[in-house]
$ cat upload-v1.cif   # mmCIF, C-alpha atoms
data_final
#
loop_
_atom_site.label_atom_id
_atom_site.label_comp_id
_atom_site.auth_asym_id
_atom_site.auth_seq_id
_atom_site.Cartn_x
_atom_site.Cartn_y
_atom_site.Cartn_z
CA MET I 1 28.88 -15.04 6.51
CA LYS I 2 30.96 -17.09 4.05
CA LEU I 3 29.44 -18.23 0.76
CA ASN I 4 29.98 -21.93 1.56
CA THR I 5 28.21 -21.51 4.89
CA LEU I 6 25.31 -19.69 3.25
CA GLN I 7 25.01 -22.43 0.61
CA ARG I 8 24.97 -25.02 3.38
CA HIS I 9 22.11 -23.19 5.16
CA PHE I 10 20.08 -23.04 1.95
CA ARG I 11 20.73 -26.72 1.27
CA GLU I 12 19.78 -27.82 4.78
CA SER I 13 16.58 -25.76 4.77
CA GLY I 14 15.57 -27.35 1.47
CA LYS I 15 16.30 -30.87 2.73
CA SER I 16 14.24 -30.22 5.83
CA LEU I 17 11.23 -29.17 3.76
CA VAL I 18 11.46 -32.42 1.77
CA ARG I 19 11.99 -34.63 4.86
CA ASN I 20 8.93 -33.17 6.57
CA GLY I 21 6.79 -33.38 3.45
CA TRP I 22 3.35 -33.60 5.01
CA MET I 23 3.99 -30.83 7.53
CA THR I 24 5.48 -28.72 4.75
CA PHE I 25 2.37 -29.32 2.66
CA ALA I 26 0.11 -28.47 5.61
CA SER I 27 1.98 -25.26 6.40
CA VAL I 28 2.16 -24.11 2.78
CA SER I 29 -1.56 -24.89 2.37
CA ALA I 30 -2.39 -22.92 5.51
CA VAL I 31 -0.31 -19.96 4.32
CA THR I 32 -1.92 -20.23 0.87
CA VAL I 33 -5.46 -20.09 2.25
CA THR I 34 -4.50 -17.34 4.68
CA LEU I 35 -2.79 -15.14 2.09
CA LEU I 36 -5.62 -15.75 -0.40
CA LEU I 37 -8.13 -14.41 2.12
CA VAL I 38 -5.75 -11.61 3.10
CA GLY I 39 -5.25 -10.72 -0.56
CA VAL I 40 -9.00 -10.65 -1.22
CA PHE I 41 -9.51 -8.36 1.77
CA PHE I 42 -6.68 -6.13 0.57
CA VAL I 43 -8.24 -5.90 -2.90
CA ILE I 44 -11.64 -5.03 -1.44
CA MET I 45 -10.31 -2.49 1.07
CA MET I 46 -7.96 -0.75 -1.38
CA ASN I 47 -10.78 -0.41 -3.93
CA LEU I 48 -13.15 0.88 -1.23
CA ASN I 49 -10.54 3.45 -0.23
CA HIS I 50 -10.13 4.39 -3.89
CA ILE I 51 -13.88 4.87 -4.30
CA ALA I 52 -14.06 6.85 -1.05
CA THR I 53 -11.22 9.08 -2.27
CA ASN I 54 -13.05 9.69 -5.56
CA VAL I 55 -16.15 10.68 -3.62
CA GLU I 56 -14.12 12.98 -1.37
CA ASN I 57 -12.49 14.68 -4.35
CA ASP I 58 -15.87 15.22 -6.04
CA VAL I 59 -17.76 16.48 -3.01
CA GLU I 60 -18.98 20.00 -3.72
CA ILE I 61 -21.38 22.45 -2.13
CA ARG I 62 -24.20 23.68 -4.34
CA VAL I 63 -25.51 27.02 -3.17
CA HIS I 64 -28.92 27.83 -4.70
CA ILE I 65 -29.31 31.59 -4.94
CA ASP I 66 -32.54 33.27 -3.88
CA PRO I 67 -34.43 34.44 -7.02
CA ALA I 68 -34.88 37.82 -5.32
CA ALA I 69 -31.12 38.48 -5.67
CA ASN I 70 -30.06 40.75 -8.51
CA VAL I 71 -26.70 40.62 -10.31
CA GLU I 72 -24.98 42.80 -7.69
CA ASN I 73 -26.38 40.68 -4.87
CA GLN I 74 -25.10 37.53 -6.54
CA LYS I 75 -21.62 38.98 -6.97
CA THR I 76 -21.58 40.11 -3.35
CA LEU I 77 -22.61 36.64 -2.19
CA GLU I 78 -19.93 35.02 -4.34
CA ALA I 79 -17.29 37.36 -2.95
CA LYS I 80 -18.32 36.60 0.65
CA ILE I 81 -18.07 32.85 0.02
CA LYS I 82 -14.63 33.22 -1.55
CA LYS I 83 -13.42 34.99 1.59
CA ILE I 84 -14.12 31.91 3.73
CA ALA I 85 -10.70 30.53 4.67
CA LYS I 86 -11.52 26.90 3.91
CA VAL I 87 -13.02 27.56 0.46
CA ASP I 88 -10.84 26.60 -2.50
CA SER I 89 -12.98 27.75 -5.44
CA VAL I 90 -16.40 29.17 -6.33
CA ILE I 91 -17.95 28.75 -9.79
CA TYR I 92 -21.13 30.50 -10.91
CA SER I 93 -23.59 28.28 -12.78
CA PRO I 94 -26.65 30.11 -14.23
CA LYS I 95 -30.00 28.37 -14.18
CA GLU I 96 -29.91 27.91 -17.98
CA LYS I 97 -26.75 25.83 -17.63
CA GLU I 98 -28.30 23.91 -14.74
CA LEU I 99 -31.29 22.97 -16.89
CA THR I 100 -29.04 21.93 -19.79
CA ASN I 101 -26.92 19.73 -17.47
CA MET I 102 -30.05 18.10 -16.06
CA ILE I 103 -31.45 17.36 -19.54
CA GLU I 104 -28.14 15.89 -20.75
CA GLY I 105 -27.63 13.90 -17.55
CA MET I 106 -31.01 12.16 -17.85
CA GLY I 107 -30.42 10.97 -21.42
CA GLU I 108 -33.61 10.22 -23.37
CA ASN I 109 -35.76 10.91 -20.31
CA GLY I 110 -34.37 14.44 -20.22
CA GLU I 111 -36.13 15.39 -23.45
CA ALA I 112 -39.35 16.01 -21.52
CA PHE I 113 -37.69 18.79 -19.51
CA LYS I 114 -36.97 20.84 -22.63
CA LEU I 115 -40.48 22.23 -22.13
CA PHE I 116 -39.07 24.28 -19.24
CA GLU I 117 -36.54 26.12 -21.40
CA GLN I 118 -38.97 29.02 -21.85
CA ASP I 119 -39.95 29.15 -18.18
CA ASN I 120 -36.99 27.77 -16.24
CA PRO I 121 -37.98 26.86 -12.64
CA LEU I 122 -34.39 26.20 -11.54
CA ARG I 123 -32.15 28.59 -9.58
CA ASP I 124 -28.76 30.11 -10.31
CA VAL I 125 -26.13 28.12 -8.41
CA LEU I 126 -22.72 28.76 -6.89
CA VAL I 127 -20.62 25.56 -6.93
CA VAL I 128 -18.22 25.66 -4.01
CA LYS I 129 -15.19 23.40 -3.53
CA THR I 130 -13.47 23.26 -0.15
CA LYS I 131 -9.75 22.76 0.43
CA THR I 132 -10.42 19.41 2.13
CA PRO I 133 -13.58 17.23 2.12
CA GLN I 134 -13.71 17.42 5.91
CA ASP I 135 -14.41 21.17 5.67
CA VAL I 136 -17.63 20.74 3.69
CA ASP I 137 -20.01 20.53 6.64
CA GLN I 138 -18.54 23.54 8.45
CA VAL I 139 -18.41 25.70 5.32
CA SER I 140 -22.00 24.74 4.39
CA LYS I 141 -23.30 25.85 7.77
CA LYS I 142 -21.52 29.19 7.42
CA ILE I 143 -22.88 29.79 3.90
CA GLU I 144 -26.42 29.09 5.10
CA THR I 145 -26.21 32.20 7.27
CA PHE I 146 -25.52 34.50 4.30
CA GLU I 147 -28.17 36.70 2.75
CA TYR I 148 -29.75 35.63 -0.56
CA VAL I 149 -28.94 31.95 0.02
CA GLN I 150 -32.04 29.84 -0.63
CA THR I 151 -30.66 26.31 -0.02
CA VAL I 152 -27.27 24.66 0.47
CA LYS I 153 -26.79 21.05 -0.62
CA TYR I 154 -23.83 18.67 -0.77
CA GLY I 155 -25.31 15.17 -0.37
CA LYS I 156 -24.48 14.94 3.33
CA GLU I 157 -26.40 11.71 4.00
CA TYR I 158 -25.00 9.96 0.93
CA VAL I 159 -21.40 10.92 1.74
CA ASP I 160 -21.67 10.12 5.46
CA ASN I 161 -23.28 6.72 4.80
CA LEU I 162 -20.60 5.78 2.28
CA PHE I 163 -17.77 6.69 4.64
CA ASN I 164 -19.45 4.78 7.49
CA VAL I 165 -19.63 1.65 5.33
CA VAL I 166 -16.00 2.06 4.28
CA ASN I 167 -14.82 2.50 7.89
CA ILE I 168 -16.78 -0.54 9.10
CA ALA I 169 -15.46 -2.69 6.24
CA ARG I 170 -11.91 -1.47 6.91
CA ASN I 171 -12.09 -2.29 10.62
CA ILE I 172 -13.55 -5.74 10.03
CA GLY I 173 -10.95 -6.44 7.36
CA VAL I 174 -8.04 -5.41 9.61
CA VAL I 175 -9.25 -7.68 12.45
CA LEU I 176 -9.71 -10.66 10.11
CA ILE I 177 -6.33 -10.12 8.44
CA ILE I 178 -4.53 -9.99 11.80
CA GLY I 179 -6.31 -13.17 12.94
CA LEU I 180 -5.42 -15.00 9.72
CA LEU I 181 -1.77 -13.95 9.89
CA PHE I 182 -1.45 -15.22 13.47
CA THR I 183 -3.02 -18.53 12.42
CA ALA I 184 -0.46 -18.96 9.63
CA MET I 185 2.41 -18.05 11.97
CA PHE I 186 1.20 -20.64 14.49
CA LEU I 187 1.11 -23.41 11.86
CA ILE I 188 4.55 -22.55 10.52
CA SER I 189 5.87 -22.43 14.08
CA ASN I 190 4.56 -25.97 14.67
CA THR I 191 6.24 -27.19 11.48
CA ILE I 192 9.59 -25.76 12.57
CA LYS I 193 9.10 -27.18 16.07
CA ILE I 194 8.63 -30.70 14.68
CA THR I 195 11.74 -30.24 12.55
CA ILE I 196 13.76 -29.16 15.58
CA ILE I 197 12.56 -32.15 17.64
CA ALA I 198 13.41 -34.53 14.79
CA ARG I 199 16.90 -33.05 14.48
CA ARG I 200 17.63 -32.69 18.19
CA LYS I 201 20.48 -35.21 18.18
CA GLU I 202 22.04 -33.57 15.15
CA ILE I 203 21.79 -30.17 16.84
CA GLU I 204 23.44 -31.52 19.99
CA ILE I 205 26.35 -32.90 17.95
CA MET I 206 26.71 -29.55 16.17
CA ARG I 207 26.88 -27.78 19.52
CA LEU I 208 29.54 -30.22 20.76
CA VAL I 209 31.78 -29.57 17.77
CA GLY I 210 31.54 -25.80 18.34
CA ALA I 211 28.71 -24.61 16.07
CA THR I 212 27.51 -21.13 17.00
CA ASN I 213 23.93 -20.32 17.86
CA ASN I 214 23.41 -18.38 14.62
CA PHE I 215 24.85 -21.25 12.58
CA ILE I 216 22.23 -23.58 14.01
CA ARG I 217 19.36 -21.11 13.73
CA TRP I 218 19.85 -19.99 10.11
CA PRO I 219 18.44 -23.10 8.35
CA PHE I 220 15.26 -22.84 10.41
CA PHE I 221 14.83 -19.17 9.53
CA LEU I 222 15.29 -19.98 5.85
CA GLU I 223 12.84 -22.88 6.13
CA GLY I 224 10.18 -20.54 7.50
CA LEU I 225 10.93 -18.06 4.71
CA TRP I 226 10.43 -20.74 2.02
CA LEU I 227 7.16 -21.88 3.60
CA GLY I 228 5.84 -18.32 3.56
CA VAL I 229 7.00 -17.47 0.03
CA LEU I 230 5.73 -20.76 -1.44
CA GLY I 231 2.37 -20.13 0.22
CA ALA I 232 2.13 -16.76 -1.56
CA VAL I 233 2.49 -18.15 -5.11
CA ILE I 234 -1.04 -19.54 -5.61
CA PRO I 235 -2.83 -16.51 -4.05
CA ILE I 236 -0.88 -14.16 -6.33
CA VAL I 237 -1.88 -16.16 -9.43
CA LEU I 238 -5.54 -16.55 -8.43
CA ILE I 239 -6.01 -12.92 -7.38
CA GLY I 240 -4.15 -11.64 -10.45
CA VAL I 241 -6.23 -13.68 -12.92
CA THR I 242 -9.55 -13.01 -11.15
CA TYR I 243 -8.99 -9.27 -10.80
CA SER I 244 -7.78 -8.96 -14.39
CA ASN I 245 -10.97 -10.60 -15.67
CA LEU I 246 -13.11 -8.55 -13.29
CA PHE I 247 -11.52 -5.33 -14.46
CA LYS I 248 -11.70 -6.29 -18.13
CA TYR I 249 -15.32 -7.47 -18.29
CA VAL I 250 -17.14 -5.84 -15.38
CA SER I 251 -15.56 -2.40 -14.98
CA PRO I 252 -16.60 -1.03 -18.43
CA LYS I 253 -20.23 -2.01 -17.76
CA ILE I 254 -20.52 -0.13 -14.46
CA ASN I 255 -21.86 3.39 -14.89
CA ILE I 256 -22.31 4.24 -11.21
CA PRO I 257 -20.89 7.67 -10.33
CA PHE I 258 -17.62 7.56 -8.37
CA PHE I 259 -17.42 3.74 -8.79
CA GLU I 260 -14.10 3.00 -10.43
CA LEU I 261 -11.86 -0.02 -9.86
CA LEU I 262 -8.15 0.51 -9.39
CA PRO I 263 -6.28 0.03 -12.71
CA LEU I 264 -4.49 -3.30 -13.23
CA SER I 265 -1.06 -1.73 -13.29
CA PRO I 266 0.53 -1.11 -10.86
CA PHE I 267 -2.19 -2.46 -8.53
CA ILE I 268 -1.64 -6.18 -9.29
CA TYR I 269 2.12 -5.78 -8.84
CA GLN I 270 1.61 -3.99 -5.55
CA ILE I 271 -0.65 -6.79 -4.26
CA SER I 272 1.90 -9.40 -5.40
CA VAL I 273 4.74 -7.68 -3.56
CA ILE I 274 2.59 -7.30 -0.43
CA LEU I 275 1.66 -11.00 -0.43
CA VAL I 276 5.25 -12.16 -0.97
CA LEU I 277 6.49 -9.88 1.82
CA LEU I 278 3.70 -10.99 4.15
CA GLY I 279 4.39 -14.64 3.35
CA GLY I 280 8.10 -14.23 4.01
CA LEU I 281 7.54 -12.24 7.20
CA ILE I 282 5.03 -14.63 8.75
CA GLY I 283 7.29 -17.53 7.80
CA ILE I 284 10.35 -15.98 9.43
CA TRP I 285 8.32 -14.88 12.45
CA GLY I 286 6.85 -18.36 12.84
CA SER I 287 10.35 -19.80 12.72
CA LEU I 288 11.62 -17.24 15.22
CA MET I 289 8.84 -18.09 17.65
CA SER I 290 9.60 -21.79 17.37
CA VAL I 291 13.39 -21.46 17.57
CA ARG I 292 13.28 -19.22 20.62
CA LYS I 293 10.86 -21.52 22.42
CA PHE I 294 12.07 -25.00 21.47
CA LEU I 295 15.69 -24.63 20.38
CA LYS I 296 17.70 -24.11 23.53
CA VAL I 297 21.05 -22.97 22.23
#

$ encode --input "upload-v1.cif" --output "structure tokens"
Amino acid sequence: MKLNTLQRHFRESGKSLVRNGWMTFASVSAVTVTLLLVGVFFVIMMNLNHIATNVENDVEIRVHIDPAANVENQKTLEAKIKKIAKVDSVIYSPKEKELTNMIEGMGENGEAFKLFEQDNPLRDVLVVKTKTPQDVDQVSKKIETFEYVQTVKYGKEYVDNLFNVVNIARNIGVVLIIGLLFTAMFLISNTIKITIIARRKEIEIMRLVGATNNFIRWPFFLEGLWLGVLGAVIPIVLIGVTYSNLFKYVSPKINIPFFELLPLSPFIYQISVILVLLGGLIGIWGSLMSVRKFLKV
């Protein structure tokens, strides 16, 4: 395509946006609201996935050793666990260390448990990490069958409940995002349709003087692109400012295990690129739908 022709397409698409001011405003507003909601859902889902990944990476099996086991029995048990194909590592944690960790983990309230240092009621523990989080349940069941194993714990209910919530939120988010995107495409399509109807005589003249199909279509494609990209500007600014403040003021005050927001960079830039691409794609797709249906060239 020649440069002059391309410049003409850009110029015509811009003029069309100005001529159809109210429809342009309506379409850009619809895309803005849509992409704002889409962006919010993306932020929520990506952070939920990040939290779920942190939980997965920190899932470990804690094998409490029977107090009847002597040193040789403990070493034998550790060796048997290491031989399980899906086990990645096994770390021995004596009961003295377990008590120290509990006291330190409870802060000031842990001082009361120092009374148990002389008569420690805890058990020696083998901390087992599997190669993948999905292997935890299977490996736990196998370890339970070994001799000198008193209890096996890995927070099954907590982990399963968290993943169920994440999966439900992800599925709801995907459905809503798809619905919102189709709504925006429909509105952009209507804007382009009105433009085509208003310029029908001009299009007929262009066809009579030998204009090709692509020559006639290009301004409409560009118009849809501008509508989509313009609609992405405000959501990018609002989400960027809101998330930056949330990360700056809220994140340091949250001391919940595994709860960690995605860092500002490159997350904000990734969201911005996604919204611009989505805006451009739904704009072009809306134009394509309208051109194919209403522009008979």

$ resolve_selection --input "upload-v1.cif" --expression "the PyMOL selection byres ((chain I and resi 97) around 12)" --output "PyMOL selection string"
chain I and resi 92-96+98-105+117+120+122-126

$ write_last_selection --input "upload-v1.cif" --atoms "C-alpha atoms" --output "mmCIF file, in the frame of the given file"
data_model
loop_
_atom_site.group_PDB
_atom_site.id
_atom_site.type_symbol
_atom_site.label_atom_id
_atom_site.label_comp_id
_atom_site.auth_asym_id
_atom_site.auth_seq_id
_atom_site.Cartn_x
_atom_site.Cartn_y
_atom_site.Cartn_z
ATOM 1 C CA TYR I 92 -21.130 30.500 -10.910
ATOM 2 C CA SER I 93 -23.590 28.280 -12.780
ATOM 3 C CA PRO I 94 -26.650 30.110 -14.230
ATOM 4 C CA LYS I 95 -30.000 28.370 -14.180
ATOM 5 C CA GLU I 96 -29.910 27.910 -17.980
ATOM 6 C CA GLU I 98 -28.300 23.910 -14.740
ATOM 7 C CA LEU I 99 -31.290 22.970 -16.890
ATOM 8 C CA THR I 100 -29.040 21.930 -19.790
ATOM 9 C CA ASN I 101 -26.920 19.730 -17.470
ATOM 10 C CA MET I 102 -30.050 18.100 -16.060
ATOM 11 C CA ILE I 103 -31.450 17.360 -19.540
ATOM 12 C CA GLU I 104 -28.140 15.890 -20.750
ATOM 13 C CA GLY I 105 -27.630 13.900 -17.550
ATOM 14 C CA GLU I 117 -36.540 26.120 -21.400
ATOM 15 C CA ASN I 120 -36.990 27.770 -16.240
ATOM 16 C CA LEU I 122 -34.390 26.200 -11.540
ATOM 17 C CA ARG I 123 -32.150 28.590 -9.580
ATOM 18 C CA ASP I 124 -28.760 30.110 -10.310
ATOM 19 C CA VAL I 125 -26.130 28.120 -8.410
ATOM 20 C CA LEU I 126 -22.720 28.760 -6.890
#

$ residues_around --input "upload-v1.cif" --residues "I:Ile234" --least-positions-apart "5" --cutoff "10 Å" --atoms "all atoms listed in the file" --output "VMD selection string"
chain I and resid 29 31 to 33 35 to 36 239 to 240

$ resolve_selection --input "upload-v1.cif" --expression "the PyMOL selection byres ((chain I and resi 267-279) around 10)" --output "ChimeraX atom specification"
/I:28,31-32,34-36,38-40,42-43,46-47,181,184-185,224-233,235-237,239-241,243-244,262-266,280-285

$ write_last_selection --input "upload-v1.cif" --atoms "C-alpha atoms" --output "mmCIF file, keeping the file's coordinate frame"
data_model
loop_
_atom_site.group_PDB
_atom_site.id
_atom_site.type_symbol
_atom_site.label_atom_id
_atom_site.label_comp_id
_atom_site.auth_asym_id
_atom_site.auth_seq_id
_atom_site.Cartn_x
_atom_site.Cartn_y
_atom_site.Cartn_z
ATOM 1 C CA VAL I 28 2.160 -24.110 2.780
ATOM 2 C CA VAL I 31 -0.310 -19.960 4.320
ATOM 3 C CA THR I 32 -1.920 -20.230 0.870
ATOM 4 C CA THR I 34 -4.500 -17.340 4.680
ATOM 5 C CA LEU I 35 -2.790 -15.140 2.090
ATOM 6 C CA LEU I 36 -5.620 -15.750 -0.400
ATOM 7 C CA VAL I 38 -5.750 -11.610 3.100
ATOM 8 C CA GLY I 39 -5.250 -10.720 -0.560
ATOM 9 C CA VAL I 40 -9.000 -10.650 -1.220
ATOM 10 C CA PHE I 42 -6.680 -6.130 0.570
ATOM 11 C CA VAL I 43 -8.240 -5.900 -2.900
ATOM 12 C CA MET I 46 -7.960 -0.750 -1.380
ATOM 13 C CA ASN I 47 -10.780 -0.410 -3.930
ATOM 14 C CA LEU I 181 -1.770 -13.950 9.890
ATOM 15 C CA ALA I 184 -0.460 -18.960 9.630
ATOM 16 C CA MET I 185 2.410 -18.050 11.970
ATOM 17 C CA GLY I 224 10.180 -20.540 7.500
ATOM 18 C CA LEU I 225 10.930 -18.060 4.710
ATOM 19 C CA TRP I 226 10.430 -20.740 2.020
ATOM 20 C CA LEU I 227 7.160 -21.880 3.600
ATOM 21 C CA GLY I 228 5.840 -18.320 3.560
ATOM 22 C CA VAL I 229 7.000 -17.470 0.030
ATOM 23 C CA LEU I 230 5.730 -20.760 -1.440
ATOM 24 C CA GLY I 231 2.370 -20.130 0.220
ATOM 25 C CA ALA I 232 2.130 -16.760 -1.560
ATOM 26 C CA VAL I 233 2.490 -18.150 -5.110
ATOM 27 C CA PRO I 235 -2.830 -16.510 -4.050
ATOM 28 C CA ILE I 236 -0.880 -14.160 -6.330
ATOM 29 C CA VAL I 237 -1.880 -16.160 -9.430
ATOM 30 C CA ILE I 239 -6.010 -12.920 -7.380
ATOM 31 C CA GLY I 240 -4.150 -11.640 -10.450
ATOM 32 C CA VAL I 241 -6.230 -13.680 -12.920
ATOM 33 C CA TYR I 243 -8.990 -9.270 -10.800
ATOM 34 C CA SER I 244 -7.780 -8.960 -14.390
ATOM 35 C CA LEU I 262 -8.150 0.510 -9.390
ATOM 36 C CA PRO I 263 -6.280 0.030 -12.710
ATOM 37 C CA LEU I 264 -4.490 -3.300 -13.230
ATOM 38 C CA SER I 265 -1.060 -1.730 -13.290
ATOM 39 C CA PRO I 266 0.530 -1.110 -10.860
ATOM 40 C CA GLY I 280 8.100 -14.230 4.010
ATOM 41 C CA LEU I 281 7.540 -12.240 7.200
ATOM 42 C CA ILE I 282 5.030 -14.630 8.750
ATOM 43 C CA GLY I 283 7.290 -17.530 7.800
ATOM 44 C CA ILE I 284 10.350 -15.980 9.430
ATOM 45 C CA TRP I 285 8.320 -14.880 12.450
#

$ atom_distance --input "upload-v1.cif" --atom1 "atom CA of I:Val165" --atom2 "atom CA of I:Lys153"
21.5 Å

$ atom_distance --input "upload-v1.cif" --atom1 "atom CA of I:Ile61" --atom2 "atom CA of I:Asn49"
22.0 Å

$ decode --input "upload-v1.cif" --residues "stretch 67-88 of chain I" --atoms "N, CA and C atoms" --output "short mmCIF file (atom, residue, chain, number, x, y, z; two decimals), in the first residue's frame"
data_model
loop_
_atom_site.label_atom_id
_atom_site.label_comp_id
_atom_site.auth_asym_id
_atom_site.auth_seq_id
_atom_site.Cartn_x
_atom_site.Cartn_y
_atom_site.Cartn_z
N PRO I 67 7.21 -41.46 68.69
CA PRO I 67 8.26 -41.34 69.73
C PRO I 67 8.94 -42.66 70.06
N ALA I 68 8.33 -43.77 69.66
CA ALA I 68 8.95 -45.08 69.91
C ALA I 68 10.13 -45.34 68.98
N ALA I 69 10.27 -44.55 67.92
CA ALA I 69 11.35 -44.76 66.94
C ALA I 69 12.67 -44.26 67.49
N ASN I 70 13.70 -45.10 67.36
CA ASN I 70 15.04 -44.67 67.76
C ASN I 70 15.73 -44.00 66.56
N VAL I 71 17.00 -43.64 66.73
CA VAL I 71 17.73 -42.93 65.67
C VAL I 71 17.79 -43.76 64.39
N GLU I 72 18.05 -45.05 64.51
CA GLU I 72 18.13 -45.91 63.33
C GLU I 72 16.79 -46.01 62.63
N ASN I 73 15.73 -46.11 63.42
CA ASN I 73 14.38 -46.17 62.84
C ASN I 73 14.05 -44.89 62.07
N GLN I 74 14.45 -43.77 62.63
CA GLN I 74 14.19 -42.49 61.98
C GLN I 74 14.94 -42.39 60.65
N LYS I 75 16.20 -42.83 60.65
CA LYS I 75 16.99 -42.79 59.42
C LYS I 75 16.42 -43.73 58.35
N THR I 76 15.94 -44.88 58.81
CA THR I 76 15.33 -45.83 57.88
C THR I 76 14.06 -45.24 57.26
N LEU I 77 13.25 -44.60 58.11
CA LEU I 77 12.02 -43.97 57.62
C LEU I 77 12.34 -42.85 56.62
N GLU I 78 13.32 -42.06 56.94
CA GLU I 78 13.72 -40.97 56.03
C GLU I 78 14.19 -41.51 54.69
N ALA I 79 14.96 -42.57 54.73
CA ALA I 79 15.46 -43.19 53.50
C ALA I 79 14.32 -43.74 52.65
N LYS I 80 13.32 -44.36 53.30
CA LYS I 80 12.18 -44.91 52.56
C LYS I 80 11.37 -43.80 51.88
N ILE I 81 11.23 -42.68 52.58
CA ILE I 81 10.48 -41.56 51.99
C ILE I 81 11.22 -40.98 50.80
N LYS I 82 12.55 -40.89 50.92
CA LYS I 82 13.35 -40.34 49.82
C LYS I 82 13.28 -41.21 48.57
N LYS I 83 12.99 -42.48 48.75
CA LYS I 83 12.93 -43.39 47.60
C LYS I 83 11.63 -43.27 46.81
N ILE I 84 10.64 -42.57 47.39
CA ILE I 84 9.38 -42.37 46.66
C ILE I 84 9.66 -41.50 45.44
N ALA I 85 9.22 -41.94 44.29
CA ALA I 85 9.57 -41.28 43.03
C ALA I 85 9.16 -39.81 42.97
N LYS I 86 8.04 -39.47 43.58
CA LYS I 86 7.51 -38.11 43.46
C LYS I 86 7.99 -37.17 44.57
N VAL I 87 8.89 -37.65 45.41
CA VAL I 87 9.43 -36.82 46.49
C VAL I 87 10.66 -36.06 45.99
N ASP I 88 10.70 -34.77 46.28
CA ASP I 88 11.82 -33.94 45.84
C ASP I 88 12.89 -33.79 46.93
#
